[in-house]
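Beneath this line is the structure, given in structure tokens, with notes to follow.
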Amino acid sequence: MQKYNDTKKKPVFYKFLRKIVSIFYRKRTIENKEYLSKKPAIYVSNHAQMHGPLSNEMYFPKKKYIWCIGEVMKTKEAAKYNYQDFWSKKPLYIRWFFKLASYLTAPLSAYVFSRADTIAVYKDKRLATTFKDSIRALENGCDIIIFPESKDKYNHIVNEFQTGYIDLARLYYKKNHECIDFIPVYNAPKLKKMVLGKPITFDPNINIDIEKELISSYLKEEITDLALNQPLQKLLPYDNVGKKNYPYNK
């Protein structure tokens, strides 16, 4: 299992790959920097396909760890996951190519994701390790970045959010007696920028199920508002759909 490791060093080949990517993947500007927390926080963003994780891995300005699906960190599991998540709804006549590509790129995908600033996330009993590693990262001064969109539609900007990640704030408070902030982030790949929104602070005095709904609703609405206030642009949705079905922000 890929674990959080605050002392792991980047291999030379990984640094080489990152340098190559930086040449072709233009630097993102960050708007509303006043919302960058001075203390460790949880940043919650729209996925924007690969651009959300890639933008934050490359250009997020603070020490951070990104929650990453554990399957993509293992070669044997990465091929199936990548095809299903990114390419399974390509036109039927070309799907064979993308299925082949998913297997050919799986080793590189697993190599990169397991060596980036990531914490593996699983949907089974291993999730306990995800929370443990995330709390340790926060205690060591790192931020956590999460992309919680699910397959269900919320609006034309974002999908519904899974809410299990909010338990991280509950567990962090239980151990450290500190209320963590959740900071919304709108990734706008077409505009080459990330836009921060006003934080919401976890309240341990509210029933956790109610608090999950309050925080999740706030973050979805704030990211939506951030998107609507940007210039007209074509969005990159979380959903695995053809480009002709990409919506506009307004």
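Starting from 1 in every chain, residues are counted up; chains themselves are A, B, ... following the order of the structure tokens, and ligands are numbered from 1 as listed.
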What parts of range 22-236 of chain A does DSSP call strand (DSSP E)? I'd like the answer as an MDAnalysis selection string.
chainID A and resid 29:31 42:45 64:69 118:121 143:146 149:153 159:161 181:188 193:196 200:201
Surrounding residues of range 222-238 of chain A excluding itself and chain neighbours under 4 positions, 9 Å, only C-alpha atoms, as an MDAnalysis selection string
chainID A and resid 45:51 149:151 155:159 184:191 195:198 217:218 243 246:250
Shell of 7 Å around range 130-144 of chain A, only C-alpha atoms, local chain residues under 5 positions omitted, as JSON, numbers by chain:
{"A": [4, 40, 41, 42, 43, 63, 64, 65, 66, 119, 120, 121, 168, 172]}
File of the preceding selection, all heavy atoms, as a compact mmCIF listing (two decimals), in the first residue's frame:
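Result file again_36.txt:
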```
# COMPACT_ATOMS: atom_id res chain seq x y z
N TYR A 4 1.57 7.74 3.08
CA TYR A 4 2.15 9.06 3.26
C TYR A 4 3.53 8.91 3.88
O TYR A 4 3.74 8.12 4.78
CB TYR A 4 1.25 9.89 4.18
CG TYR A 4 1.95 11.03 4.86
CD1 TYR A 4 2.19 12.22 4.18
CD2 TYR A 4 2.39 10.92 6.17
CE1 TYR A 4 2.84 13.27 4.80
CE2 TYR A 4 3.04 11.96 6.80
CZ TYR A 4 3.26 13.13 6.11
OH TYR A 4 3.90 14.17 6.73
N PRO A 40 -2.28 24.74 8.69
CA PRO A 40 -2.70 23.64 7.82
C PRO A 40 -4.22 23.61 7.66
O PRO A 40 -4.97 23.83 8.61
CB PRO A 40 -2.19 22.39 8.56
CG PRO A 40 -1.04 22.89 9.35
CD PRO A 40 -1.41 24.28 9.80
N ALA A 41 -4.66 23.35 6.43
CA ALA A 41 -6.08 23.36 6.11
C ALA A 41 -6.38 22.30 5.07
O ALA A 41 -5.47 21.68 4.50
CB ALA A 41 -6.49 24.75 5.60
N ILE A 42 -7.67 22.11 4.80
CA ILE A 42 -8.12 21.16 3.78
C ILE A 42 -8.69 21.97 2.63
O ILE A 42 -9.65 22.72 2.80
CB ILE A 42 -9.17 20.20 4.34
CG1 ILE A 42 -8.58 19.39 5.51
CG2 ILE A 42 -9.67 19.25 3.24
CD1 ILE A 42 -9.62 18.56 6.27
N TYR A 43 -8.10 21.83 1.45
CA TYR A 43 -8.55 22.54 0.26
C TYR A 43 -9.39 21.58 -0.58
O TYR A 43 -8.96 20.45 -0.87
CB TYR A 43 -7.35 23.05 -0.54
CG TYR A 43 -6.61 24.17 0.16
CD1 TYR A 43 -5.75 23.89 1.22
CD2 TYR A 43 -6.79 25.50 -0.22
CE1 TYR A 43 -5.08 24.91 1.90
CE2 TYR A 43 -6.12 26.51 0.45
CZ TYR A 43 -5.27 26.22 1.50
OH TYR A 43 -4.61 27.24 2.16
N LYS A 63 3.25 23.61 1.12
CA LYS A 63 3.46 22.18 1.30
C LYS A 63 2.11 21.49 1.37
O LYS A 63 1.23 21.92 2.12
CB LYS A 63 4.26 21.91 2.58
CG LYS A 63 5.69 22.41 2.57
CD LYS A 63 6.47 21.84 3.74
CE LYS A 63 5.82 22.18 5.08
NZ LYS A 63 6.58 21.64 6.23
N LYS A 64 1.96 20.41 0.62
CA LYS A 64 0.64 19.79 0.55
C LYS A 64 0.76 18.30 0.25
O LYS A 64 1.80 17.80 -0.20
CB LYS A 64 -0.24 20.46 -0.50
CG LYS A 64 -0.10 19.94 -1.94
CD LYS A 64 1.24 20.22 -2.56
CE LYS A 64 1.34 19.76 -4.02
NZ LYS A 64 2.68 19.98 -4.55
N TYR A 65 -0.34 17.59 0.53
CA TYR A 65 -0.52 16.22 0.08
C TYR A 65 -1.91 16.11 -0.52
O TYR A 65 -2.88 16.63 0.02
CB TYR A 65 -0.32 15.22 1.22
CG TYR A 65 1.14 14.90 1.43
CD1 TYR A 65 1.94 15.72 2.21
CD2 TYR A 65 1.72 13.81 0.80
CE1 TYR A 65 3.29 15.47 2.36
CE2 TYR A 65 3.08 13.55 0.94
CZ TYR A 65 3.85 14.38 1.72
OH TYR A 65 5.19 14.13 1.86
N ILE A 66 -1.98 15.45 -1.68
CA ILE A 66 -3.22 15.33 -2.44
C ILE A 66 -3.80 13.93 -2.24
O ILE A 66 -3.08 12.94 -2.40
CB ILE A 66 -2.98 15.60 -3.93
CG1 ILE A 66 -2.43 17.02 -4.13
CG2 ILE A 66 -4.25 15.40 -4.74
CD1 ILE A 66 -1.98 17.31 -5.55
N ILE A 119 -1.47 11.04 -0.95
CA ILE A 119 -1.87 10.09 0.09
C ILE A 119 -2.91 9.17 -0.55
O ILE A 119 -3.90 9.64 -1.12
CB ILE A 119 -2.46 10.80 1.32
CG1 ILE A 119 -1.36 11.57 2.06
CG2 ILE A 119 -3.12 9.79 2.26
CD1 ILE A 119 -1.84 12.37 3.24
N ALA A 120 -2.67 7.87 -0.48
CA ALA A 120 -3.55 6.89 -1.11
C ALA A 120 -4.90 6.83 -0.40
O ALA A 120 -4.97 6.82 0.83
CB ALA A 120 -2.89 5.52 -1.11
N VAL A 121 -5.96 6.78 -1.20
CA VAL A 121 -7.33 6.69 -0.68
C VAL A 121 -7.97 5.42 -1.20
O VAL A 121 -7.97 5.15 -2.40
CB VAL A 121 -8.17 7.91 -1.11
CG1 VAL A 121 -9.60 7.78 -0.58
CG2 VAL A 121 -7.54 9.20 -0.62
N LEU A 168 -12.26 13.70 8.42
CA LEU A 168 -10.87 14.05 8.72
C LEU A 168 -10.80 15.20 9.72
O LEU A 168 -9.98 15.19 10.64
CB LEU A 168 -10.14 14.42 7.42
CG LEU A 168 -8.68 14.87 7.54
CD1 LEU A 168 -7.84 13.82 8.26
CD2 LEU A 168 -8.11 15.17 6.17
N TYR A 172 -9.26 15.00 13.40
CA TYR A 172 -8.17 15.94 13.72
C TYR A 172 -8.51 16.73 14.98
O TYR A 172 -7.65 16.93 15.84
CB TYR A 172 -7.96 16.89 12.54
CG TYR A 172 -6.76 17.81 12.72
CD1 TYR A 172 -5.47 17.36 12.46
CD2 TYR A 172 -6.93 19.12 13.14
CE1 TYR A 172 -4.37 18.19 12.63
CE2 TYR A 172 -5.84 19.96 13.31
CZ TYR A 172 -4.56 19.49 13.04
OH TYR A 172 -3.48 20.32 13.21
```
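Remark: for Val241 in chain A, the closest of the candidate residues A:Lys125, A:Lys89, A:Lys220, A:Lys174 is A:Lys89 (distances computed over only C-alpha atoms).
Around range 11-14 of chain A, within 9 Å and counting only C-alpha atoms, the residues found are Lys19, Tyr111, Val112, Arg115 and Ala116 of chain A, once anything fewer than 5 positions away on its own chain is removed.
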